[in-house]
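Heads up: the structure comes next, in structure tokens.
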Amino acid sequence: MTDSTTNMRLKLPITCFILEIILIILFGVLVQYDHETDSREWHKSNHSDYENDFYYRYPSFQDVHVMIFIGFGFLMTFLQRYGFSSVGFNFLIAAFALQWATLMQGFFHGMHGGKIHIGVESMINADFCTGSVLISFGAVLGKTSPVQLLIMAMFEVTLFAVNEFILLSILGTKDAGGSMTIHTFGAYFGLMVTRILYRPNLDKSKHRNSSVYHSDMFAMIGTIYLWMFWPSFNSAITAHGDDQHRTALNTYYSLAACTLSTYAMSSLTAHDGKLDMVHIQNAALAGGVAAGTAGEMMLTPFGSMIVGFLAGIISVLGFKYLSPILEEKLKIQDTCGVHNLHGMPGILGAIVGAVTAAVATTDVYGNGMKDVFPMIADGGKASYQGGIQAISLAVTLGIALLGGLILPIFGQPPDTICFEDSIYWEVGWISFQKRSCAQNLRKFSEERAER
Amino acid sequence: MTDSTTNMRLKLPITCFILEIILIILFGVLVQYDHETDSREWHKSNHSDYENDFYYRYPSFQDVHVMIFIGFGFLMTFLQRYGFSSVGFNFLIAAFALQWATLMQGFFHGMHGGKIHIGVESMINADFCTGSVLISFGAVLGKTSPVQLLIMAMFEVTLFAVNEFILLSILGTKDAGGSMTIHTFGAYFGLMVTRILYRPNLDKSKHRNSSVYHSDMFAMIGTIYLWMFWPSFNSAITAHGDDQHRTALNTYYSLAACTLSTYAMSSLTAHDGKLDMVHIQNAALAGGVAAGTAGEMMLTPFGSMIVGFLAGIISVLGFKYLSPILEEKLKIQDTCGVHNLHGMPGILGAIVGAVTAAVATTDVYGNGMKDVFPMIADGGKASYQGGIQAISLAVTLGIALLGGLILPIFGQPPDTICFEDSIYWEVGWISFQKRSCAQNLRKFSEERAER
Amino acid sequence: MTDSTTNMRLKLPITCFILEIILIILFGVLVQYDHETDSREWHKSNHSDYENDFYYRYPSFQDVHVMIFIGFGFLMTFLQRYGFSSVGFNFLIAAFALQWATLMQGFFHGMHGGKIHIGVESMINADFCTGSVLISFGAVLGKTSPVQLLIMAMFEVTLFAVNEFILLSILGTKDAGGSMTIHTFGAYFGLMVTRILYRPNLDKSKHRNSSVYHSDMFAMIGTIYLWMFWPSFNSAITAHGDDQHRTALNTYYSLAACTLSTYAMSSLTAHDGKLDMVHIQNAALAGGVAAGTAGEMMLTPFGSMIVGFLAGIISVLGFKYLSPILEEKLKIQDTCGVHNLHGMPGILGAIVGAVTAAVATTDVYGNGMKDVFPMIADGGKASYQGGIQAISLAVTLGIALLGGLILPIFGQPPDTICFEDSIYWEVGWISFQKRSCAQNLRKFSEERAER
């Protein structure tokens with residue numbers, strides 16, 4: 001089972017060690033506590049302790065953290081024999097990506113006097129960037145080695161930071177929940193990677209590319225955690241006060257509406273009306289993705305629910321009708337269907353954000369305008385902000401698709417043993433049920449022999 | 001397997017779409033951001049950001065949210081072949097109920113100038129109301145279709161809001177953690193529904209109405225999350241400051257004491273001293289239910305522990321001796337035993353609340369009296385408050401039982417296929433163990449043939 | 001299966017009832033709300049509500065709570081037939097230990113006018129002490145009855161409080177995340193207990209002392225929750241403001257670095273490069289343990305990553321090479337390998353803490369020195385603080401080892417049925433897979449008969 005392309009005996013350890021040692025050296029040279037985590041700096045000024053950003057953002061950070069490690073990790077355990085890899089590689093590449101993201105994002109927009117300053121906000125941003133990598137991981141799930149994934153993560157994080165810099169710092173785009181920067185970017189990057197890695201003979205592993213009862217139950221843990229904490233995700237780095245509050249509320253209602261339309265469409269598109277776990281596990285989350293950009297705006301609960309409602313419908317339709325076409329015609333083998341959960345809903349979110357920005361008025365936002373749209377508060381036109389938002393979507397799509405294209409990937413498992421834990425993990429007994437079964441068989445056989 | 005009563009091909013999609021579209025329209029007409037989520041309103045006044053209610057309540061909200069979706073959802077996965085439905089229908093009806101509850105609760109006590117104002121507190125209240133529906137779901141678990149459940153949720157949420165309005169707004173009852181409004185109401189409503197839906201031939205599905213090893217493990221996820229976050233549940237909407245703090249602490253100790261008495265009783269009532277997962281999964285939570293009303297009062301840790309201790313004992317005794325009687329004599333088939341977890345402990349909590357209120361003195365509460373008992377702070381008698389609390393329990397029981405009685409329910413699965421996922425869900429391989437087993441059988445058979 | 005030593009019919013109920021009744025009485029006599037949970041006391045002073053410690057610490061408390069009940073509980077479910085006991089006994093002894101810890105810790109450092117004052121900080125400390133007991137539980141997992149575990153918990157909590165008092169109150173040691181007080185203490189206490197309980201014939205249960213596919217998946221839930229929330233664990237009781245913020249950040253990077261070195265070492269030390277779930281589940285957490293003491297100090301992200309990096313390497317090496325030696329030569333049967341996860345990384349953390357303290361300067365800490373090192377802020381030498389830290393490690397090791405030695409333990413399961421749920425729990429169907437399998441066998445047999 002281990003040939004030169006998959007043997008990890010040295011490749012994986014060397015890759016991990018080299019990457020981590022580089023990270024440690026760069027952190028030593030470049031990274032410092034910011035003025036809210038540094039003992040001397042914080043105590044220089046006359047703050048009250050509760051003004052420390054920790055109390056505004058840390059609970060949200062922990063929710064995001066759960067989404068990254070439990071949410072994404074368990075969502076991908078739906079494959080019948082790829083649970084260790086799903087949650088285990090998710091763990092590995094996320095732990096790497098959040099460190100690398102600290103450096104890349106810090107390099108582009110966290111430098112102070114030649115040093116990268118870090119605190120809870122940079123931790124959230126690092127987790128966000130990691131989320132984008134994990135979306136791409138979903139597209140190639142089961143078909144790549146951990147070494148490939150680490151290299152993909154390194155490239156993707158870097159490109160993510162470039163795109164984020166262009167959008168947030170150069171163009172002045174608003175995208176607090178990352179409909180564009182995280183979801184659209186991660187999805188189309190991953191789709192391009194899986195296109196490049198197209199396997200004409202993936203059918204050989206087809207029997208493992210599906211779920212079983214228990215693996216679907218584990219996946220639901222991931223789904224529900226993503227769903228519950230998405231309000232924290234979208235509100236984690238918005239401005240303090242009403243902005244965080246409003247974003248959480250908008251996302252909450254968007255997701256609730258999305259869940260109902262998902263169940264409706266899942267049942268409607270099945271020949272016998274039965275619900276499909278794939279839809280429930282994924283499409284019900286599209287409302288969070290689609291509220292990523294406009295969530296912090298005065299979208300209203302009404303608007304949020306319409307967005308979520310549409311996102312659920314689009315997502316189920318994507319799973320049902322578009323994914324097979326993508327695979328057959330465009331040779332895109334999208335294991336988790338990230339195009340349906342993150343790609344299309346991300347684009348929807350970007351469009352909703354552009355429209356909502358374009359109709360922003362001081363009448364509606366009052367003095368809060370400076371928090372949501374500083375450019376408009378400074379006298380810019382709302383339509384200009386809307387245009388910027390639209391351009392940002394195009395930029396994101398361009399960078400993601402080009403980035404996925406040029407990515408070098410090497411050393412992947414053969415077509416016959418995709419979606420299989422045992423090439424990367426020590427797997428002893430598959431389960432004690434199996435053993436019990438074997439024992440029953442032996443007993444049964446003995447009994448027959450006696451007769 | 002799909003006859004006219006269970007076929008969901010059109011019924012479920014149509015129900016979901018109609019309900020969601022009604023919700024969206026009503027939200028468009030009636031719902032607005034409150035002054036803490038609205039950009040203009042919040043920035044009108046000169047607040048500090050940390051005074052926004054978001055920072056006082058959002059962490060508690062997220063804990064409650066986890067209890068609703070993971071806690072209730074996974075607690076009900078104990079049935080061997082009903083995991084998809086337990087967690088999936090829990091997800092569906094909760095997503096619907098929280099939207100409908102926003103409207104119903106807002107209609108009764110959130111109207112400002114003809115509009116319902118929403119923010120984090122209304123989100124918590126919506127989740128609370130949803131919790132009540134999920135308790136009723138526990139009583140009918142495995143015997144109802146998702147369409148029935150959605151209709152039940154619509155009725156129950158409405159009635160919940162009426163009862164809550166009578167108690168909190170008209171009578172001036174205190175019930176922050178909902179011993180009465182949530183637990184007693186949800187339990188007795190559900191018990192009446194399951195009585196109405198009595199199935200004399202449920203024995204035909206008896207072999208599926210029990211747990212297996214892994215389903216009990218999944219259920220423990222639900223139990224533990226409910227147990228851990230119950231302090232947040234009871235304290236989520238109490239007054240800021242010492243009230244939230246004290247409620248969390250009281251609940252923490254009540255639950256700890258309840259856990260010990262649950263283990264003791266589970267072992268004591270078994271013929272061989274072995275622990276029963278049903279008790280551990282459910283009765284250990286009764287301490288949270290029973291501290292729902294008095295948790296915010298000066299119950300003392302000592303008092304909290306006594307309450308929890310008794311709740312655990314009552315709950316195990318209920319599972320062991322009362323549930324079989326309810327089923328046999330009163331024809332109440334209570335799948336999850338909600339009478340033992342939410343019914344009796346809820347009543348206990350109401351009584352404890354009434355007594356604790358009746359003995360409240362300014363000496364003990366000081367200036368905090370106005371937060372806990374505004375009526376007493378305004379010169380009312382403590383014994384009067386105690387009486388109000390007791391009357392509230394009676395009102396709640398009455399409304400719940402009557403409500404469950406008049407509820408129209410239609411289109412349920414036949415007796416032979418209750419507690420079964422596959423009538424509502426696409427279920428492919430039950431598990432790869434089964435496949436392995438089948439493969440072993442084939443191999444075994446081939447080997448025998450060769451001999 | 002039940003002889004006099006394991007029969008729980010009366011032993012367990014009596015133990016639980018007596019312990020809980022003693023707890024309730026002692027709480028009644030000794031325990032009071034502190035000035036932040038007491039209605040009158042809090043309202044005496046003119047606080048703003050947001051100054052209540054609840055808002056500083058409750059979110060961290062809940063994260064710690066999840067680590068104790070889900071983290072530890074599910075981490076130990078890796079054994080194939082010990083899932084009920086792992087999560088169930090974890091639940092029982094934690095619920096007991098947190099109550100007993102409230103009394104013991106309160107007795108040593110929470111007395112005010114003859115009463116123990118409690119609030120969110122004491123709740124966190126009680127959970128911390130409980131964590132230590134659960135570490136010891138990991139060492140003896142599968143080989144002890146619940147009654148033994150409760151008695152162990154009672155002794156260990158008491159001794160924990162003594163050690164904590166000597167370190168924090170007498171010596172002035174800093175150990176906010178408990179590298180010494182929690183991890184080193186819990187590990188070596190547990191190792192000594194398991195040494196005393198040495199079973200020469202444990203091989204008889206060897207076939208159950210390993211994992212299966214699904215049990216490893218459940219265990220990963222525990223691992224990931226511990227990993228995610230460790231920043232909250234280490235920062236939960238540090239000083240408000242920059243201290244909590246910095247501690248969370250240091251732990252975050254320590255864990256990330258640890259994860260990469262764990263994966264590298266796991267693959268490197270396997271003969272075929274395959275990853276071992278035991279390492280991933282445990283060693284990846286060593287970075288949190290090792291940042292327990294120095295996390296609140298100005299360790300820098302760079303320093304944190306080096307610490308985590310080394311902790312992962314040490315821990316994997318321990319699992320691979322040291323554990324077998326400990327078992328063979330020293331007769332220490334350490335079921336969960338707590339020596340590798342908590343023992344050695346705890347000592348590493350203590351050493352890192354001593355060194356970091358010894359090099360502390362006012363130049364680096366500024367006015368924050370009084371929060372981190374009050375003795376140095378009051379004119380003490382940094383090297384003296386460093387010495388105190390080192391001595392504290394020795395004290396902790398001494399008390400833990402002696403304490404484990406004198407502990408009386410009785411009534412344990414026989415060697416042949418260790419690591420087995422069914423002696424303590426009602427276990428009906430092992431799983432429906434098994435039933436399906438049995439059904440298949442019957443069907444197969446019938447078909448053969450027909451031929």
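Going through the structure tokens in order, the chains are called A, B, and so on, while each chain numbers its residues from 1 and the ligands are numbered from 1 in the order shown.
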
Can you work out which residues from chain A touch chain C at a cut-off of 6 Å (counting only C-alpha atoms) and hand them back as a PyMOL selection string? chain A and resi 8-9+13+16+24+27-28+36-37+39-40+43+49+52+54+95+424-426+429-431+433

Save out the residues we just selected, N, CA, C and O atoms, as a PDB file, in the first residue's frame.
```pdb
ATOM      1  N   MET A   8       5.183   8.031   3.803  1.00  0.00           N
ATOM      2  CA  MET A   8       5.337   9.246   4.576  1.00  0.00           C
ATOM      3  C   MET A   8       6.511   9.165   5.549  1.00  0.00           C
ATOM      4  O   MET A   8       6.767  10.108   6.263  1.00  0.00           O
ATOM      5  N   ARG A   9       7.190   8.022   5.573  1.00  0.00           N
ATOM      6  CA  ARG A   9       8.240   7.772   6.562  1.00  0.00           C
ATOM      7  C   ARG A   9       9.158   8.971   6.787  1.00  0.00           C
ATOM      8  O   ARG A   9       9.469   9.309   7.920  1.00  0.00           O
ATOM      9  N   PRO A  13       7.561  13.865   8.160  1.00  0.00           N
ATOM     10  CA  PRO A  13       8.335  14.457   9.257  1.00  0.00           C
ATOM     11  C   PRO A  13       9.220  15.616   8.794  1.00  0.00           C
ATOM     12  O   PRO A  13       9.259  16.660   9.426  1.00  0.00           O
ATOM     13  N   CYS A  16       7.086  18.725   8.028  1.00  0.00           N
ATOM     14  CA  CYS A  16       6.599  19.348   9.272  1.00  0.00           C
ATOM     15  C   CYS A  16       7.726  20.062  10.003  1.00  0.00           C
ATOM     16  O   CYS A  16       7.580  21.205  10.448  1.00  0.00           O
ATOM     17  N   ILE A  24       9.117  29.206  13.468  1.00  0.00           N
ATOM     18  CA  ILE A  24       9.657  29.652  14.761  1.00  0.00           C
ATOM     19  C   ILE A  24      10.698  30.754  14.548  1.00  0.00           C
ATOM     20  O   ILE A  24      10.699  31.784  15.230  1.00  0.00           O
ATOM     21  N   PHE A  27       8.919  33.942  13.486  1.00  0.00           N
ATOM     22  CA  PHE A  27       8.238  34.526  14.651  1.00  0.00           C
ATOM     23  C   PHE A  27       9.258  35.217  15.565  1.00  0.00           C
ATOM     24  O   PHE A  27       9.001  36.308  16.088  1.00  0.00           O
ATOM     25  N   GLY A  28      10.402  34.570  15.757  1.00  0.00           N
ATOM     26  CA  GLY A  28      11.424  35.157  16.619  1.00  0.00           C
ATOM     27  C   GLY A  28      11.895  36.500  16.086  1.00  0.00           C
ATOM     28  O   GLY A  28      12.126  37.447  16.842  1.00  0.00           O
ATOM     29  N   GLU A  36      -2.092  45.418  23.516  1.00  0.00           N
ATOM     30  CA  GLU A  36      -3.085  44.888  24.454  1.00  0.00           C
ATOM     31  C   GLU A  36      -2.666  43.560  25.068  1.00  0.00           C
ATOM     32  O   GLU A  36      -3.326  43.056  25.974  1.00  0.00           O
ATOM     33  N   THR A  37      -1.616  42.966  24.524  1.00  0.00           N
ATOM     34  CA  THR A  37      -1.106  41.721  25.104  1.00  0.00           C
ATOM     35  C   THR A  37       0.252  41.933  25.774  1.00  0.00           C
ATOM     36  O   THR A  37       0.699  41.070  26.524  1.00  0.00           O
ATOM     37  N   SER A  39       2.728  43.373  28.405  1.00  0.00           N
ATOM     38  CA  SER A  39       2.588  43.822  29.801  1.00  0.00           C
ATOM     39  C   SER A  39       2.937  45.305  29.942  1.00  0.00           C
ATOM     40  O   SER A  39       2.168  46.078  30.514  1.00  0.00           O
ATOM     41  N   ARG A  40       4.078  45.713  29.421  1.00  0.00           N
ATOM     42  CA  ARG A  40       4.513  47.102  29.593  1.00  0.00           C
ATOM     43  C   ARG A  40       3.621  48.059  28.835  1.00  0.00           C
ATOM     44  O   ARG A  40       3.180  49.075  29.368  1.00  0.00           O
ATOM     45  N   HIS A  43       0.086  48.574  30.309  1.00  0.00           N
ATOM     46  CA  HIS A  43       0.072  49.301  31.587  1.00  0.00           C
ATOM     47  C   HIS A  43       0.608  50.720  31.456  1.00  0.00           C
ATOM     48  O   HIS A  43       0.571  51.480  32.419  1.00  0.00           O
ATOM     49  N   ASP A  49      -9.494  47.565  32.725  1.00  0.00           N
ATOM     50  CA  ASP A  49      -9.218  46.230  32.202  1.00  0.00           C
ATOM     51  C   ASP A  49     -10.266  45.788  31.178  1.00  0.00           C
ATOM     52  O   ASP A  49      -9.951  45.119  30.200  1.00  0.00           O
ATOM     53  N   ASN A  52      -9.867  46.140  27.381  1.00  0.00           N
ATOM     54  CA  ASN A  52      -8.982  45.283  26.596  1.00  0.00           C
ATOM     55  C   ASN A  52      -9.806  44.509  25.562  1.00  0.00           C
ATOM     56  O   ASN A  52     -10.859  43.956  25.887  1.00  0.00           O
ATOM     57  N   PHE A  54      -9.580  41.794  24.418  1.00  0.00           N
ATOM     58  CA  PHE A  54      -9.823  40.402  24.798  1.00  0.00           C
ATOM     59  C   PHE A  54     -11.279  40.167  25.153  1.00  0.00           C
ATOM     60  O   PHE A  54     -11.880  39.188  24.728  1.00  0.00           O
ATOM     61  N   ALA A  95      -3.388  23.727  12.118  1.00  0.00           N
ATOM     62  CA  ALA A  95      -2.355  24.166  13.068  1.00  0.00           C
ATOM     63  C   ALA A  95      -1.202  24.839  12.336  1.00  0.00           C
ATOM     64  O   ALA A  95      -0.616  25.813  12.829  1.00  0.00           O
ATOM     65  N   TYR A 424      -2.487   6.076   5.601  1.00  0.00           N
ATOM     66  CA  TYR A 424      -1.800   7.119   6.374  1.00  0.00           C
ATOM     67  C   TYR A 424      -1.811   6.868   7.877  1.00  0.00           C
ATOM     68  O   TYR A 424      -1.110   7.518   8.620  1.00  0.00           O
ATOM     69  N   TRP A 425      -2.692   5.971   8.320  1.00  0.00           N
ATOM     70  CA  TRP A 425      -2.897   5.791   9.757  1.00  0.00           C
ATOM     71  C   TRP A 425      -2.779   4.328  10.135  1.00  0.00           C
ATOM     72  O   TRP A 425      -3.193   3.448   9.387  1.00  0.00           O
ATOM     73  N   GLU A 426      -2.259   4.105  11.339  1.00  0.00           N
ATOM     74  CA  GLU A 426      -2.325   2.771  11.929  1.00  0.00           C
ATOM     75  C   GLU A 426      -3.787   2.485  12.233  1.00  0.00           C
ATOM     76  O   GLU A 426      -4.387   3.143  13.087  1.00  0.00           O
ATOM     77  N   TRP A 429      -8.066  -2.932  14.623  1.00  0.00           N
ATOM     78  CA  TRP A 429      -9.395  -3.461  14.408  1.00  0.00           C
ATOM     79  C   TRP A 429     -10.223  -2.373  13.767  1.00  0.00           C
ATOM     80  O   TRP A 429     -10.272  -1.257  14.275  1.00  0.00           O
ATOM     81  N   ILE A 430     -10.908  -2.675  12.705  1.00  0.00           N
ATOM     82  CA  ILE A 430     -11.825  -1.689  12.149  1.00  0.00           C
ATOM     83  C   ILE A 430     -12.896  -1.384  13.176  1.00  0.00           C
ATOM     84  O   ILE A 430     -13.255  -0.254  13.403  1.00  0.00           O
ATOM     85  N   SER A 431     -13.341  -2.385  13.847  1.00  0.00           N
ATOM     86  CA  SER A 431     -14.316  -2.160  14.919  1.00  0.00           C
ATOM     87  C   SER A 431     -14.519  -3.462  15.638  1.00  0.00           C
ATOM     88  O   SER A 431     -14.240  -4.531  15.115  1.00  0.00           O
ATOM     89  N   GLN A 433     -17.369  -4.550  16.391  1.00  0.00           N
ATOM     90  CA  GLN A 433     -18.495  -5.213  15.744  1.00  0.00           C
ATOM     91  C   GLN A 433     -17.965  -6.257  14.775  1.00  0.00           C
ATOM     92  O   GLN A 433     -18.434  -7.366  14.705  1.00  0.00           O
TER      93      GLN A 433
END
```

Using DSSP on the backbone coordinates, identify the residues of segment 101-218 of chain B assigned to strand (DSSP E or B); present them as a list in words.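 Across segment 101-218 of chain B, those assigned strand (DSSP E or B) are Met111, His112, Lys115, Ile116, His117, Ile118, Ser211 and Val212 of chain B.
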
Hey, can you spit out that residue selection with N, CA and C atoms as a short mmCIF file (atom, residue, chain, number, x, y, z; two decimals), in the first residue's frame?
```cif
data_model
loop_
_atom_site.label_atom_id
_atom_site.label_comp_id
_atom_site.auth_asym_id
_atom_site.auth_seq_id
_atom_site.Cartn_x
_atom_site.Cartn_y
_atom_site.Cartn_z
N MET B 111 -43.21 44.73 21.65
CA MET B 111 -43.71 45.73 20.68
C MET B 111 -43.31 47.14 21.12
N HIS B 112 -42.80 47.90 20.17
CA HIS B 112 -42.52 49.32 20.39
C HIS B 112 -43.00 50.07 19.16
N LYS B 115 -43.91 47.87 16.21
CA LYS B 115 -42.87 47.02 15.67
C LYS B 115 -42.28 46.13 16.77
N ILE B 116 -41.85 44.95 16.36
CA ILE B 116 -41.17 44.05 17.29
C ILE B 116 -39.68 44.37 17.24
N HIS B 117 -39.12 44.73 18.40
CA HIS B 117 -37.69 45.07 18.45
C HIS B 117 -36.88 43.86 18.90
N ILE B 118 -35.81 43.57 18.15
CA ILE B 118 -35.06 42.36 18.50
C ILE B 118 -33.57 42.62 18.70
N SER B 211 -31.76 1.47 22.72
CA SER B 211 -30.48 2.01 22.28
C SER B 211 -29.52 0.90 21.90
N VAL B 212 -28.44 1.26 21.24
CA VAL B 212 -27.31 0.37 21.05
C VAL B 212 -26.08 1.10 21.56
#
```

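When the distance limit is 10 Å and only C-alpha atoms are what count, the residues near Pro345 of chain C, minus those fewer than 5 positions from it on the same chain, are C:Ser179, C:Met180, C:His183, C:Thr184, C:Ala283, C:Leu285, C:Ala286, C:Gly287, C:Gly288, C:Val289, C:Ala290, C:Ala291, C:Gly292, C:Val307, C:Gly308, C:Leu310, C:Ala311, C:Gly312, C:Ile313, C:Ile314, C:Ser315, C:Val338, C:His339, C:Asn340, C:Ala350, C:Ile351.
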
Can I get the selection written as a compact mmCIF listing (two decimals), in the first residue's frame, with N, CA and C atoms?
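This went into out_21.txt:
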```txt
# COMPACT_ATOMS: atom_id res chain seq x y z
N SER C 179 0.86 23.92 35.25
CA SER C 179 1.84 22.92 34.81
C SER C 179 2.24 22.05 35.98
N MET C 180 2.46 22.72 37.12
CA MET C 180 2.84 21.95 38.32
C MET C 180 1.62 21.49 39.10
N HIS C 183 -1.06 19.47 36.32
CA HIS C 183 -0.61 18.39 35.44
C HIS C 183 0.45 17.50 36.08
N THR C 184 1.50 18.12 36.59
CA THR C 184 2.54 17.30 37.23
C THR C 184 1.96 16.56 38.43
N ALA C 283 -0.29 13.61 22.38
CA ALA C 283 0.93 14.43 22.36
C ALA C 283 0.66 15.83 21.81
N LEU C 285 -1.46 17.73 22.57
CA LEU C 285 -1.95 18.59 23.65
C LEU C 285 -0.83 19.02 24.60
N ALA C 286 0.34 18.40 24.46
CA ALA C 286 1.42 18.65 25.42
C ALA C 286 1.83 20.13 25.41
N GLY C 287 1.64 20.80 24.28
CA GLY C 287 1.97 22.22 24.21
C GLY C 287 1.15 23.08 25.16
N GLY C 288 -0.06 22.65 25.42
CA GLY C 288 -0.89 23.38 26.38
C GLY C 288 -0.40 23.17 27.80
N VAL C 289 -0.05 21.91 28.11
CA VAL C 289 0.47 21.59 29.44
C VAL C 289 1.76 22.38 29.70
N ALA C 290 2.63 22.38 28.71
CA ALA C 290 3.95 22.97 28.90
C ALA C 290 3.90 24.49 28.97
N ALA C 291 2.82 25.10 28.50
CA ALA C 291 2.68 26.56 28.59
C ALA C 291 1.87 26.96 29.82
N GLY C 292 1.64 26.01 30.72
CA GLY C 292 0.77 26.27 31.86
C GLY C 292 1.34 27.26 32.86
N VAL C 307 8.60 26.06 23.12
CA VAL C 307 8.12 25.20 24.21
C VAL C 307 7.16 24.13 23.67
N GLY C 308 6.20 24.55 22.86
CA GLY C 308 5.24 23.61 22.30
C GLY C 308 5.92 22.58 21.40
N LEU C 310 8.99 21.47 21.51
CA LEU C 310 9.70 20.47 22.31
C LEU C 310 8.73 19.54 23.03
N ALA C 311 7.64 20.09 23.54
CA ALA C 311 6.67 19.27 24.28
C ALA C 311 6.11 18.16 23.40
N GLY C 312 5.79 18.47 22.15
CA GLY C 312 5.27 17.45 21.23
C GLY C 312 6.29 16.34 21.01
N ILE C 313 7.55 16.72 20.83
CA ILE C 313 8.60 15.72 20.58
C ILE C 313 8.76 14.82 21.80
N ILE C 314 8.90 15.44 22.97
CA ILE C 314 9.07 14.66 24.20
C ILE C 314 7.90 13.71 24.40
N SER C 315 6.71 14.21 24.16
CA SER C 315 5.53 13.40 24.45
C SER C 315 5.45 12.18 23.54
N VAL C 338 -0.60 9.05 30.79
CA VAL C 338 -0.62 10.41 31.35
C VAL C 338 0.79 10.92 31.64
N HIS C 339 1.74 9.99 31.81
CA HIS C 339 3.12 10.45 32.02
C HIS C 339 3.63 11.22 30.82
N ASN C 340 3.19 10.80 29.64
CA ASN C 340 3.67 11.45 28.42
C ASN C 340 2.93 12.74 28.10
N ALA C 350 7.12 23.54 34.09
CA ALA C 350 7.61 24.09 35.35
C ALA C 350 9.00 24.70 35.16
N ILE C 351 9.85 23.98 34.42
CA ILE C 351 11.21 24.47 34.18
C ILE C 351 11.19 25.75 33.35
```

Could you please write out, as a PyMOL selection string, every residue of segment 80-169 of chain A that DSSP assigns to alpha helix (DSSP H)? chain A and resi 83-109+120-140+146-164

Residue neighbourhood Ser86 of chain A, 8 Å, only C-alpha atoms, exclusion window fewer than 2 positions, as a list of chain:residue names: A:Gly73, A:Phe74, A:Met76, A:Thr77, A:Tyr82, A:Gly83, A:Phe84, A:Gly88, A:Phe89, A:Asn90, A:Leu141

Deliver the residues from the most recent selection as a file, using N, CA, C and O atoms, as a tab-separated table (two decimals), in the first residue's frame.
```
chain	number	residue	atom	x	y	z
A	73	GLY	N	-13.52	19.94	10.73
A	73	GLY	CA	-12.94	18.62	10.92
A	73	GLY	C	-13.98	17.52	10.87
A	73	GLY	O	-13.82	16.52	10.16
A	74	PHE	N	-15.06	17.70	11.62
A	74	PHE	CA	-16.06	16.64	11.67
A	74	PHE	C	-17.01	16.67	10.47
A	74	PHE	O	-17.50	15.62	10.05
A	76	MET	N	-16.21	16.84	7.57
A	76	MET	CA	-15.59	16.01	6.53
A	76	MET	C	-15.45	14.55	6.92
A	76	MET	O	-14.94	13.74	6.14
A	77	THR	N	-15.92	14.17	8.10
A	77	THR	CA	-15.83	12.75	8.47
A	77	THR	C	-16.94	11.91	7.86
A	77	THR	O	-17.10	10.75	8.22
A	82	TYR	N	-12.63	7.43	6.09
A	82	TYR	CA	-11.67	8.52	6.02
A	82	TYR	C	-11.81	9.46	7.21
A	82	TYR	O	-11.45	10.61	7.17
A	83	GLY	N	-12.35	8.91	8.31
A	83	GLY	CA	-12.58	9.73	9.50
A	83	GLY	C	-11.30	10.21	10.16
A	83	GLY	O	-11.18	11.39	10.53
A	84	PHE	N	-10.33	9.32	10.31
A	84	PHE	CA	-9.06	9.72	10.92
A	84	PHE	C	-8.42	10.83	10.10
A	84	PHE	O	-7.94	11.83	10.64
A	88	GLY	N	-8.04	14.42	11.33
A	88	GLY	CA	-6.60	14.48	11.63
A	88	GLY	C	-5.84	15.41	10.71
A	88	GLY	O	-4.99	16.19	11.16
A	89	PHE	N	-6.09	15.35	9.41
A	89	PHE	CA	-5.39	16.26	8.50
A	89	PHE	C	-5.93	17.68	8.64
A	89	PHE	O	-5.20	18.65	8.50
A	90	ASN	N	-7.23	17.78	8.90
A	90	ASN	CA	-7.82	19.09	9.20
A	90	ASN	C	-7.06	19.74	10.36
A	90	ASN	O	-6.71	20.92	10.32
A	141	LEU	N	-10.63	16.43	-0.75
A	141	LEU	CA	-10.67	15.43	0.33
A	141	LEU	C	-10.57	13.99	-0.18
A	141	LEU	O	-11.30	13.59	-1.09
```

Excluding segment 192-197 of chain A and residues on its chain fewer than 4 positions from it, collect all residues at most 10 Å away from it, counting only C-alpha atoms, and give them as a PyMOL selection string. chain A and resi 136-141+143-144+152+187-188+326-327+330-335+400-410+412
